[in-house]
Structure formats: C-alpha cells, structure tokens
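Pasting model.cif here (mmCIF, C-alpha atoms):
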data_work
#
loop_
_atom_site.label_atom_id
_atom_site.label_comp_id
_atom_site.auth_asym_id
_atom_site.auth_seq_id
_atom_site.Cartn_x
_atom_site.Cartn_y
_atom_site.Cartn_z
CA MET A 1 0.00 0.00 0.00
CA HIS A 2 2.85 2.38 0.89
CA ARG A 3 4.57 1.62 -2.42
CA VAL A 4 1.40 2.42 -4.41
CA SER A 5 0.95 5.65 -2.48
CA THR A 6 4.54 6.66 -3.17
CA LYS A 7 4.09 5.89 -6.86
CA ASN A 8 0.94 8.04 -7.04
CA GLN A 9 2.68 10.90 -5.26
CA THR A 10 5.54 10.71 -7.72
CA LEU A 11 3.15 10.71 -10.70
CA ASN A 12 1.27 13.69 -9.30
CA PHE A 13 4.55 15.52 -8.81
CA PHE A 14 5.50 15.09 -12.46
CA THR A 15 2.05 15.82 -13.91
CA GLU A 16 1.20 18.76 -11.65
CA SER A 17 4.52 20.27 -10.61
CA VAL A 18 7.14 19.54 -13.24
CA PHE A 19 4.95 19.73 -16.35
CA GLU A 20 2.37 22.40 -17.04
CA ARG A 21 -0.78 20.39 -17.75
CA HIS A 22 -1.37 21.80 -21.24
CA THR A 23 2.18 20.91 -22.23
CA MET A 24 1.71 17.43 -20.79
CA ASN A 25 -1.55 17.10 -22.74
CA PHE A 26 0.17 18.12 -25.95
CA TRP A 27 2.75 15.34 -25.74
CA LEU A 28 0.26 12.72 -24.54
CA GLN A 29 -2.00 13.41 -27.51
CA LYS A 30 0.92 13.06 -29.88
CA MET A 31 0.97 9.41 -28.78
CA ASN A 32 -2.80 8.93 -28.54
CA PRO A 33 -5.35 11.69 -29.33
CA LEU A 34 -7.68 10.42 -26.57
CA TRP A 35 -5.07 10.63 -23.82
CA SER A 36 -5.39 13.59 -21.49
CA THR A 37 -4.46 14.57 -17.97
CA TYR A 38 -7.76 16.35 -17.41
CA GLN A 39 -10.03 16.46 -20.51
CA MET A 40 -13.04 14.30 -21.31
CA LEU A 41 -12.53 13.44 -24.98
CA GLY A 42 -14.37 11.44 -27.64
CA ARG A 43 -13.17 10.13 -31.01
CA ILE A 44 -15.66 9.99 -33.87
CA CYS A 45 -16.00 6.34 -34.95
CA LYS A 46 -19.08 6.51 -37.16
CA ARG A 47 -21.53 8.99 -38.64
CA GLU A 48 -24.85 8.12 -40.24
CA LYS A 49 -27.86 10.04 -41.47
CA VAL A 50 -30.93 8.88 -39.52
CA ALA A 51 -33.54 11.32 -40.92
CA ASP A 52 -33.71 14.48 -43.00
CA ASP A 53 -30.92 16.76 -41.77
CA ILE A 54 -30.49 14.57 -38.66
CA PHE A 55 -27.26 12.67 -38.05
CA THR A 56 -25.99 10.31 -35.36
CA LEU A 57 -22.31 10.25 -34.45
CA THR A 58 -20.87 7.34 -32.50
CA LEU A 59 -17.89 8.31 -30.36
CA GLU A 60 -15.31 6.34 -28.39
CA CYS A 61 -14.62 8.11 -25.09
CA ASN A 62 -11.47 8.22 -23.03
CA LYS A 63 -11.18 6.99 -19.45
CA ARG A 64 -11.81 10.46 -18.05
CA MET A 65 -15.30 10.59 -19.53
CA GLN A 66 -18.00 11.41 -17.00
CA PHE A 67 -21.12 9.79 -18.42
CA GLY A 68 -24.29 11.66 -17.61
CA LEU A 69 -27.55 10.07 -16.57
CA SER A 70 -29.91 9.30 -19.42
CA GLY A 71 -31.76 12.47 -20.36
CA GLN A 72 -29.02 14.84 -19.21
CA HIS A 73 -27.08 17.17 -21.51
CA HIS A 74 -23.35 17.51 -22.15
CA PRO A 75 -21.44 20.57 -23.25
CA VAL A 76 -19.69 19.64 -26.50
CA ILE A 77 -16.59 21.66 -27.40
CA VAL A 78 -15.11 21.60 -30.90
CA GLU A 79 -12.35 23.55 -32.59
CA ILE A 80 -13.15 24.93 -36.04
CA ALA A 81 -10.66 27.05 -37.98
CA GLY A 82 -8.70 27.76 -34.81
CA ARG A 83 -11.72 28.83 -32.72
CA ARG A 84 -13.34 26.88 -29.91
CA TYR A 85 -17.13 26.59 -29.92
CA GLU A 86 -19.36 25.12 -27.22
CA ARG A 87 -22.83 23.69 -27.79
CA THR A 88 -25.10 21.47 -25.71
CA TYR A 89 -26.38 18.05 -26.78
CA SER A 90 -28.05 15.05 -25.17
CA LEU A 91 -25.96 11.88 -25.43
CA THR A 92 -26.97 8.23 -25.38
CA GLN A 93 -24.55 5.90 -23.64
CA ILE A 94 -24.09 2.69 -25.63
CA ASP A 95 -21.56 0.92 -23.39
CA ASP A 96 -18.75 1.79 -20.98
CA ARG A 97 -16.67 3.42 -23.74
CA HIS A 98 -19.11 4.66 -26.40
CA VAL A 99 -21.82 7.29 -26.73
CA GLN A 100 -24.08 8.42 -29.54
CA LEU A 101 -24.67 12.08 -30.33
CA THR A 102 -27.74 12.78 -32.45
CA LEU A 103 -28.27 16.29 -33.78
CA LYS A 104 -30.03 18.26 -36.48
CA GLN A 105 -28.01 20.24 -38.97
CA VAL A 106 -29.12 23.83 -38.47
CA PRO A 107 -29.02 26.17 -41.48
CA ASN A 108 -25.89 28.33 -41.12
CA GLY A 109 -25.08 26.53 -37.87
CA ILE A 110 -21.29 26.50 -37.54
CA VAL A 111 -21.03 23.61 -35.09
CA SER A 112 -23.92 21.47 -36.35
CA THR A 113 -22.67 21.75 -39.96
CA TRP A 114 -19.16 20.79 -38.88
CA LEU A 115 -20.39 17.77 -36.91
CA CYS A 116 -22.86 16.63 -39.59
CA GLN A 117 -20.80 17.29 -42.72
CA THR A 118 -17.20 18.36 -42.21
CA ALA A 119 -15.82 16.38 -39.28
CA LYS A 120 -13.92 13.24 -40.24
CA ILE A 121 -13.72 9.80 -38.69
CA ASN A 122 -11.09 9.86 -35.90
CA ASP A 123 -11.57 13.57 -35.25
CA VAL A 124 -11.66 14.27 -31.51
CA ILE A 125 -14.11 16.47 -29.61
CA GLU A 126 -14.18 17.52 -25.96
CA PHE A 127 -17.03 17.07 -23.49
CA GLY A 128 -18.00 19.11 -20.44
CA VAL A 129 -19.64 17.98 -17.21
CA PRO A 130 -23.23 16.73 -17.79
CA TYR A 131 -26.19 18.54 -16.26
CA GLY A 132 -29.99 18.59 -16.29
CA ASP A 133 -32.72 17.25 -14.01
CA MET A 134 -35.25 15.90 -16.51
CA LEU A 135 -34.60 12.33 -15.38
CA LEU A 136 -36.75 9.23 -15.04
CA ASP A 137 -36.14 8.66 -11.33
CA ALA A 138 -37.48 5.59 -9.56
CA PRO A 139 -40.54 7.38 -8.01
CA ASP A 140 -41.54 8.51 -11.51
CA LEU A 141 -41.57 5.04 -13.01
CA ASN A 142 -45.32 4.48 -12.98
CA ASP A 143 -47.36 6.08 -15.75
CA VAL A 144 -45.21 8.30 -17.96
CA VAL A 145 -46.12 10.58 -20.87
CA LEU A 146 -43.25 11.85 -23.02
CA LEU A 147 -43.90 14.88 -25.23
CA ALA A 148 -41.22 15.68 -27.81
CA ALA A 149 -41.02 18.08 -30.71
CA GLY A 150 -38.20 18.15 -33.25
CA SER A 151 -34.76 17.70 -31.68
CA GLY A 152 -36.45 17.41 -28.30
CA ILE A 153 -36.66 13.69 -29.04
CA THR A 154 -32.98 13.10 -28.25
CA PRO A 155 -33.17 13.15 -24.41
CA MET A 156 -36.37 11.08 -24.62
CA TYR A 157 -34.60 8.49 -26.74
CA SER A 158 -31.69 8.44 -24.30
CA MET A 159 -34.03 7.69 -21.39
CA LEU A 160 -36.00 5.06 -23.31
CA TYR A 161 -32.82 3.37 -24.56
CA ALA A 162 -31.52 3.11 -20.98
CA LEU A 163 -34.83 1.65 -19.78
CA GLU A 164 -34.83 -0.88 -22.60
CA LYS A 165 -31.27 -2.00 -21.75
CA LYS A 166 -32.33 -2.49 -18.11
CA GLY A 167 -35.37 -4.54 -19.16
CA LEU A 168 -37.78 -1.96 -17.75
CA LEU A 169 -39.50 -0.95 -20.98
CA ALA A 170 -41.60 -4.13 -20.78
CA LYS A 171 -42.87 -3.25 -17.30
CA LEU A 172 -43.76 0.43 -17.51
CA ASN A 173 -46.73 2.32 -18.93
CA ILE A 174 -45.06 4.83 -21.24
CA HIS A 175 -46.79 6.94 -23.89
CA LEU A 176 -44.46 8.72 -26.32
CA MET A 177 -45.98 11.54 -28.40
CA TYR A 178 -43.47 12.80 -30.97
CA TRP A 179 -44.13 15.80 -33.24
CA ALA A 180 -42.16 16.36 -36.45
CA LYS A 181 -42.82 18.28 -39.65
CA HIS A 182 -42.63 15.27 -41.99
CA GLN A 183 -42.21 11.50 -41.75
CA GLU A 184 -38.79 11.89 -43.37
CA GLY A 185 -37.71 14.01 -40.42
CA VAL A 186 -38.63 11.46 -37.72
CA ALA A 187 -35.51 10.26 -35.90
CA PHE A 188 -35.32 6.75 -34.38
CA LYS A 189 -38.59 5.85 -36.14
CA GLN A 190 -37.72 2.20 -36.75
CA VAL A 191 -36.54 1.68 -33.18
CA PHE A 192 -39.65 3.27 -31.68
CA GLU A 193 -41.92 1.17 -33.89
CA GLN A 194 -40.07 -2.01 -32.91
CA TRP A 195 -40.48 -1.17 -29.23
CA ALA A 196 -44.18 -0.41 -29.71
CA GLU A 197 -44.65 -3.81 -31.34
CA LYS A 198 -42.53 -5.67 -28.79
CA TYR A 199 -43.77 -4.04 -25.58
CA PRO A 200 -47.56 -3.83 -25.09
CA LEU A 201 -47.23 -1.11 -22.41
CA PHE A 202 -45.24 1.19 -24.70
CA LYS A 203 -47.58 3.40 -26.72
CA LEU A 204 -46.29 5.47 -29.66
CA ASP A 205 -47.85 8.41 -31.51
CA ILE A 206 -45.84 10.05 -34.28
CA LEU A 207 -47.54 13.27 -35.37
CA CYS A 208 -46.33 14.99 -38.54
CA THR A 209 -47.78 18.46 -38.88
CA GLN A 210 -46.81 19.28 -42.48
CA ASP A 211 -47.41 16.03 -44.36
CA ASN A 212 -49.74 16.71 -47.27
CA GLU A 213 -52.04 13.70 -46.94
CA THR A 214 -52.88 13.56 -43.24
CA PRO A 215 -51.29 16.47 -41.35
CA ALA A 216 -51.47 16.09 -37.60
CA GLN A 217 -52.54 18.86 -35.25
CA ARG A 218 -50.04 20.62 -33.08
CA LEU A 219 -50.21 19.96 -29.35
CA ASN A 220 -53.65 21.01 -28.09
CA GLU A 221 -56.46 20.17 -25.65
CA LEU A 222 -57.54 17.15 -27.71
CA HIS A 223 -54.27 15.38 -26.99
CA VAL A 224 -54.78 15.95 -23.27
CA SER A 225 -58.36 14.64 -23.36
CA ASN A 226 -57.12 11.33 -24.77
CA ILE A 227 -54.99 10.70 -21.68
CA GLU A 228 -56.87 9.07 -18.84
CA GLN A 229 -56.21 9.96 -15.19
CA LEU A 230 -53.79 12.78 -15.93
CA ASP A 231 -53.36 13.46 -12.23
CA THR A 232 -51.54 10.11 -11.90
CA LYS A 233 -49.11 10.74 -14.77
CA THR A 234 -45.53 11.94 -14.88
CA VAL A 235 -45.19 14.17 -17.94
CA PHE A 236 -41.92 15.19 -19.60
CA ALA A 237 -41.81 17.77 -22.40
CA CYS A 238 -38.86 18.79 -24.55
CA GLY A 239 -38.77 20.95 -27.65
CA PRO A 240 -38.85 24.63 -28.67
CA SER A 241 -39.94 27.03 -25.95
CA GLY A 242 -43.36 27.62 -27.57
CA PHE A 243 -44.08 23.88 -27.52
CA VAL A 244 -42.89 23.56 -23.92
CA ASN A 245 -44.99 26.53 -22.78
CA THR A 246 -48.09 25.01 -24.38
CA ALA A 247 -47.36 21.66 -22.74
CA ALA A 248 -46.95 23.30 -19.33
CA GLN A 249 -50.38 24.94 -19.63
CA LEU A 250 -52.16 21.87 -20.97
CA PHE A 251 -50.63 19.40 -18.53
CA GLN A 252 -50.69 21.52 -15.39
CA ASP A 253 -52.87 18.91 -13.65
CA ALA A 254 -50.32 16.12 -14.10
CA LYS A 255 -48.88 14.51 -10.98
CA VAL A 256 -45.37 15.55 -12.07
CA PHE A 257 -44.42 17.86 -14.94
CA LYS A 258 -40.83 18.41 -16.05
CA SER A 259 -39.68 20.26 -19.13
CA GLU A 260 -36.70 21.59 -21.04
CA ALA A 261 -36.74 24.03 -23.94
CA PHE A 262 -33.82 23.26 -26.25
CA SER A 263 -34.25 26.46 -28.25
CA LEU A 264 -36.12 29.69 -27.89
CA THR A 265 -39.12 30.24 -30.12
CA PRO A 266 -38.82 33.77 -31.53
CA ILE A 267 -41.14 36.08 -29.60
CA GLU A 268 -42.26 39.33 -31.12
CA ASN A 269 -40.80 42.17 -29.12
CA ASN A 270 -43.33 45.00 -28.86
CA GLU A 271 -41.36 46.82 -26.18
CA GLU A 272 -40.35 50.36 -27.08
CA GLY A 273 -37.44 52.39 -25.85
CA THR A 274 -34.18 51.45 -24.18
CA VAL A 275 -33.01 50.56 -20.69
CA LYS A 276 -29.64 50.79 -18.96
CA LEU A 277 -27.68 47.81 -17.71
CA THR A 278 -25.23 48.73 -14.97
CA LEU A 279 -22.52 46.08 -14.66
CA THR A 280 -20.93 46.31 -11.22
CA ARG A 281 -17.90 44.08 -11.76
CA SER A 282 -17.05 45.46 -15.20
CA ASN A 283 -17.77 49.02 -14.09
CA LYS A 284 -19.74 49.62 -17.29
CA ILE A 285 -23.13 51.00 -18.23
CA VAL A 286 -24.73 49.63 -21.40
CA GLU A 287 -27.86 50.93 -23.13
CA VAL A 288 -29.92 48.14 -24.72
CA GLN A 289 -33.29 47.67 -26.37
CA LYS A 290 -36.06 47.08 -23.87
CA GLY A 291 -37.29 43.49 -24.10
CA GLN A 292 -34.13 42.22 -25.84
CA GLY A 293 -32.48 39.09 -24.45
CA LEU A 294 -29.76 40.07 -21.99
CA LEU A 295 -27.08 37.74 -23.35
CA ASP A 296 -27.67 38.86 -26.94
CA ALA A 297 -27.72 42.50 -25.90
CA LEU A 298 -24.45 42.25 -23.99
CA GLU A 299 -22.75 40.42 -26.84
CA GLN A 300 -23.88 43.11 -29.28
CA ALA A 301 -22.29 45.64 -26.94
CA GLN A 302 -18.98 43.74 -27.28
CA ILE A 303 -19.25 42.33 -23.76
CA LYS A 304 -18.65 38.60 -23.49
CA PRO A 305 -20.18 37.10 -20.35
CA ILE A 306 -19.73 33.44 -19.55
CA TYR A 307 -22.47 31.22 -20.96
CA GLY A 308 -23.08 27.57 -21.77
CA CYS A 309 -26.24 26.05 -23.20
CA ARG A 310 -28.08 29.31 -24.09
CA MET A 311 -31.25 27.39 -23.12
CA GLY A 312 -31.59 28.25 -19.43
CA ILE A 313 -30.53 24.79 -18.27
CA CYS A 314 -26.84 24.72 -17.36
CA ASN A 315 -26.85 27.87 -15.18
CA LYS A 316 -23.39 28.97 -16.37
CA CYS A 317 -24.64 32.43 -17.29
CA ALA A 318 -26.50 33.03 -14.03
CA CYS A 319 -25.59 36.19 -12.15
CA ASN A 320 -27.00 38.24 -9.30
CA LYS A 321 -29.58 40.85 -10.28
CA VAL A 322 -29.09 43.61 -7.75
CA SER A 323 -32.17 45.56 -8.84
CA GLY A 324 -34.62 45.97 -11.69
CA VAL A 325 -37.28 43.92 -13.47
CA THR A 326 -36.56 41.03 -15.84
CA LYS A 327 -38.85 38.96 -18.05
CA ASN A 328 -38.29 35.27 -18.72
CA THR A 329 -38.31 34.69 -22.49
CA ILE A 330 -39.49 31.09 -22.10
CA ASP A 331 -42.51 31.36 -19.80
CA GLN A 332 -42.95 35.18 -19.90
CA SER A 333 -42.85 35.49 -16.10
CA GLU A 334 -41.53 38.73 -14.58
CA ASN A 335 -39.18 39.08 -11.63
CA ALA A 336 -38.82 42.34 -9.71
CA GLU A 337 -37.17 40.99 -6.55
CA PRO A 338 -33.78 42.50 -5.70
CA ASN A 339 -30.67 40.38 -5.17
CA ASN A 340 -32.09 37.51 -7.18
CA SER A 341 -30.21 35.09 -9.45
CA VAL A 342 -31.04 35.57 -13.13
CA ARG A 343 -29.98 33.49 -16.15
CA ILE A 344 -29.16 36.09 -18.76
CA CYS A 345 -29.59 33.70 -21.71
CA VAL A 346 -33.35 33.39 -21.09
CA ASN A 347 -34.23 36.76 -19.62
CA SER A 348 -34.79 40.24 -21.02
CA ALA A 349 -34.83 43.65 -19.35
CA LYS A 350 -38.16 45.26 -18.50
CA SER A 351 -36.50 48.16 -16.71
CA ASP A 352 -33.06 49.51 -15.88
CA LEU A 353 -31.03 46.73 -14.29
CA VAL A 354 -28.02 46.45 -12.03
CA LEU A 355 -26.19 43.17 -12.58
CA ASP A 356 -23.16 41.69 -10.85
CA LEU A 357 -21.28 41.17 -14.12
#

What does this structure look like when you write it as structure tokens?
Amino acid sequence: MHRVSTKNQTLNFFTESVFERHTMNFWLQKMNPLWSTYQMLGRICKREKVADDIFTLTLECNKRMQFGLSGQHHPVIVEIAGRRYERTYSLTQIDDRHVQLTLKQVPNGIVSTWLCQTAKINDVIEFGVPYGDMLLDAPDLNDVVLLAAGSGITPMYSMLYALEKKGLLAKLNIHLMYWAKHQEGVAFKQVFEQWAEKYPLFKLDILCTQDNETPAQRLNELHVSNIEQLDTKTVFACGPSGFVNTAAQLFQDAKVFKSEAFSLTPIENNEEGTVKLTLTRSNKIVEVQKGQGLLDALEQAQIKPIYGCRMGICNKCACNKVSGVTKNTIDQSENAEPNNSVRICVNSAKSDLVLDL
C-alpha cells in the first residue's frame, strides 16, 4: 500500500509540478489523441444520417469521460478554424466506452454543420460535465407521458434506450408523443416502432404536422383529453420554448411535470425604448433595447459574459440581479425581486437593471 501511495505521489509531482498540464496534454496526444491529464474526450468512430438533416455520431470516449444520466445534456466543445465553440447536446450511452450524439443540422449553424458534414472519422471532440434534471427517477416510473417536438426527441430516446437495456420498458406504462414536420424528419422511427410492437405497455404516436395527406394537429387540448387519469401521470416535455410553454399549460394537472426548452421560439418584441444595464464588476453602463435578451444585448455591446447552453438549463450564465425587473423569455414570467439570481440567456430587461457582471 505504501509503495502504491509513493508511486501516485511521484506521478502527481510530475504531472502537476514539473509539467504544465497543457504541455503534458500536448505530448500525450501526440501518442494517442484520446489521452489527457484532465479532458473528457471522444473520437468519432461513425456517422450516419438517420432522418432528413439529422445525423448520429458514434464516439469512443477516453477513461476520463464522465457519463451523464440518461436524459441529461453535455457541453460539447469543438475547434473549427482555430476557434473553440461550445454547444449542448443530449448523449446516449451505448456501453462503458461509447456514446451516440444525435443532432439536427441547423441552417448556417457553424457547429452542427461541422459535426454533420465536415468532421472526419477519428476527429476528436471535448465534453463538459453533464447537467440537467429531466430524469426518469425511480418514483416517476409508474405512468409516464413523453412529449417531444423536433430535436427534443434526443433526451427522450436516451431515457428510453436506458430503460430498454435495463429490461424496464416491458414493465412500464409509457406513452411517447413525438411531433415532427414530416415523416422523413422522424428520428429513431424504426426503433420506436419495434419497441411499440414488442412491448404492449409502450404506446407510440408520431404526429407529422406538415405532411400533405394527413397532417397532424399541433399539441392542443384534444391530446390531453385522450390521456386518462392525468393526475396520476408523470409528464416530460422537450422541444422549442413555444411547444414547452403550451405543454406546461395543458398538462398543469399532471402529478409531475418536467420540461426543457432546447431552443427559444422567436417572440415578437413589442417593447419600445431602451433601458440601462449597470454592470458592477465590469464598471460599465450599457444601453440596450427594452425586451431584448440580456445575453444577446451584452454580446452586441462587445461584452462577453460566460455562458453555456443558451437554453436556461446549465446555469453557467446566471448572475446576481441587484435591482430591476426582468422577463423570462421562455414562460414570460416577470421578476422584480432584488438580489435575485437571473440566467441572462433566457431573460430580457423590462426596466433599468443592475447586474453583478
């Protein structure tokens, strides 16, 4: 035991004291691109198109990988033309070394286009620490309704895949309702249909809103009326903020309701005039459009606050609001309380604000 301890102390001395960790990383990755003293890294092994503009990448992860729980999100960091970009995606763990990353190629999206089209097999990407609390915990495993729109299907698939691997999909009442524009844009369609056929308790509704022959309705009261005993259900919703807001209103009587908005539905800004943002740490005063998102406004003013997911989930952009009124761009709620934490990626200014930034 003493010999092992001495060996570890010696290794720590060399990796932490003698070598600067970035230098150490550089030489380690010359030998193996997945080796790192501190980074969670993944090597692209496979890429396949699974639906219109939707691709799945399979990645081999290094031993430092911190796998999230099914349904959580990971920061994904890539380097493109010498610049580092961070985006947030939901991963599906395949085994103890591999994950799948499924994403939609966004028009003019720098990172999504690189991942879907430009990146090559054996290219390496970096992961951040997983986060998110939309999880199928044990108390929730009774009657579950999953509502997904567009790319919001990826955390749902991650949770369902994990349940299927554990043999629980055969034992649980789960109703998946999945909205897409067209059948060609439905991800994981074959897998979902196989599960629906194999497991009697797994119910599947795929609703395509822009198919010419039989377009489905967007989420509305009719979908709620078809669910019996809503007050006994656990309901998860993931999709654009407009979809999630509608789901929250329609399913407010559910036993449990959890949601995540993966992107912000554009909201018409009818606010007029400007407000002042006083930044205490930067010692700056910025004039911005009233009702404009705080993160966007600050970036336009050449101020670069820390941020992560830009979805209001990871909390990296949260700061203390000393005073003023903010409006949440997802649920439209207003907050006038002083000394209150505010996530600047999903809030706008309703009045002059003082922020600890």

Quick one, how far is atom CA of Gly324 of chain A from atom CA of Asn347 of chain A? 12.2 Å

Given the file shown, enumerate the residues that the PyMOL selection byres ((chain A and resi 46) around 10) captures and present them as an mmCIF file with C-alpha atoms, in the frame of the given file.
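To be explicit, this is the file written out as out-v6.cif:
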data_model
loop_
_atom_site.group_PDB
_atom_site.id
_atom_site.type_symbol
_atom_site.label_atom_id
_atom_site.label_comp_id
_atom_site.auth_asym_id
_atom_site.auth_seq_id
_atom_site.Cartn_x
_atom_site.Cartn_y
_atom_site.Cartn_z
ATOM 1 C CA ARG A 43 -13.170 10.130 -31.010
ATOM 2 C CA ILE A 44 -15.660 9.990 -33.870
ATOM 3 C CA CYS A 45 -16.000 6.340 -34.950
ATOM 4 C CA ARG A 47 -21.530 8.990 -38.640
ATOM 5 C CA GLU A 48 -24.850 8.120 -40.240
ATOM 6 C CA THR A 56 -25.990 10.310 -35.360
ATOM 7 C CA LEU A 57 -22.310 10.250 -34.450
ATOM 8 C CA THR A 58 -20.870 7.340 -32.500
ATOM 9 C CA LEU A 59 -17.890 8.310 -30.360
ATOM 10 C CA GLU A 60 -15.310 6.340 -28.390
ATOM 11 C CA GLN A 100 -24.080 8.420 -29.540
ATOM 12 C CA LYS A 120 -13.920 13.240 -40.240
ATOM 13 C CA ILE A 121 -13.720 9.800 -38.690
ATOM 14 C CA ASN A 122 -11.090 9.860 -35.900
#

Could you list, as a ChimeraX atom specification, every residue within 8 Å of Leu34 of chain A, counting all atoms listed in the file and ignoring same-chain residues fewer than 4 positions away? /A:29,41-43,61-62,124

Could you state which residues are captured by the PyMOL selection byres ((chain A and resi 311) around 9) in this file, as an MDAnalysis selection string? chainID A and resid 88 260:264 308:310 312:314 345:346

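Closest approach to Thr274 of chain A from the set A:Ser70, A:Gln39, A:Ser90, A:Ser348 is made by A:Ser348, with distances taken over only C-alpha atoms.
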
Residues near Pro200 of chain A, cut-off 12 Å, only C-alpha atoms, skip fewer than 3 positions along chain, as a list in words: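 Non-adjacent residues within range: Leu169, Ala170, Lys171, Leu172, Asn173, Ile174, His175, Glu193, Gln194, Trp195, Ala196, Glu197, Lys203 and Leu204 of chain A.
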
Limited to C-alpha atoms, could you put the picked residues into a file as a tab-separated table (two decimals), keeping the file's coordinate frame?
chain	number	residue	atom	x	y	z
A	169	LEU	CA	-39.50	-0.95	-20.98
A	170	ALA	CA	-41.60	-4.13	-20.78
A	171	LYS	CA	-42.87	-3.25	-17.30
A	172	LEU	CA	-43.76	0.43	-17.51
A	173	ASN	CA	-46.73	2.32	-18.93
A	174	ILE	CA	-45.06	4.83	-21.24
A	175	HIS	CA	-46.79	6.94	-23.89
A	193	GLU	CA	-41.92	1.17	-33.89
A	194	GLN	CA	-40.07	-2.01	-32.91
A	195	TRP	CA	-40.48	-1.17	-29.23
A	196	ALA	CA	-44.18	-0.41	-29.71
A	197	GLU	CA	-44.65	-3.81	-31.34
A	203	LYS	CA	-47.58	3.40	-26.72
A	204	LEU	CA	-46.29	5.47	-29.66

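Separating atom CA of Phe236 of chain A from atom CA of Met134 of chain A is a distance of 7.4 Å.
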
Sphere at (-38.5, 32.8, -18.8), radius 9 Å, counting only C-alpha atoms: residues as a list in words: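 These residues have at least one counted atom within 9 Å: Gly312, Thr326, Lys327, Asn328, Thr329, Ile330, Asp331, Gln332, Ser333, Glu334, Arg343, Val346, Asn347 and Ser348 of chain A.
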
Residues selected by the PyMOL selection byres ((chain A and resi 158) around 8), written as a PyMOL selection string: chain A and resi 70-71+90-93+154-157+159-162
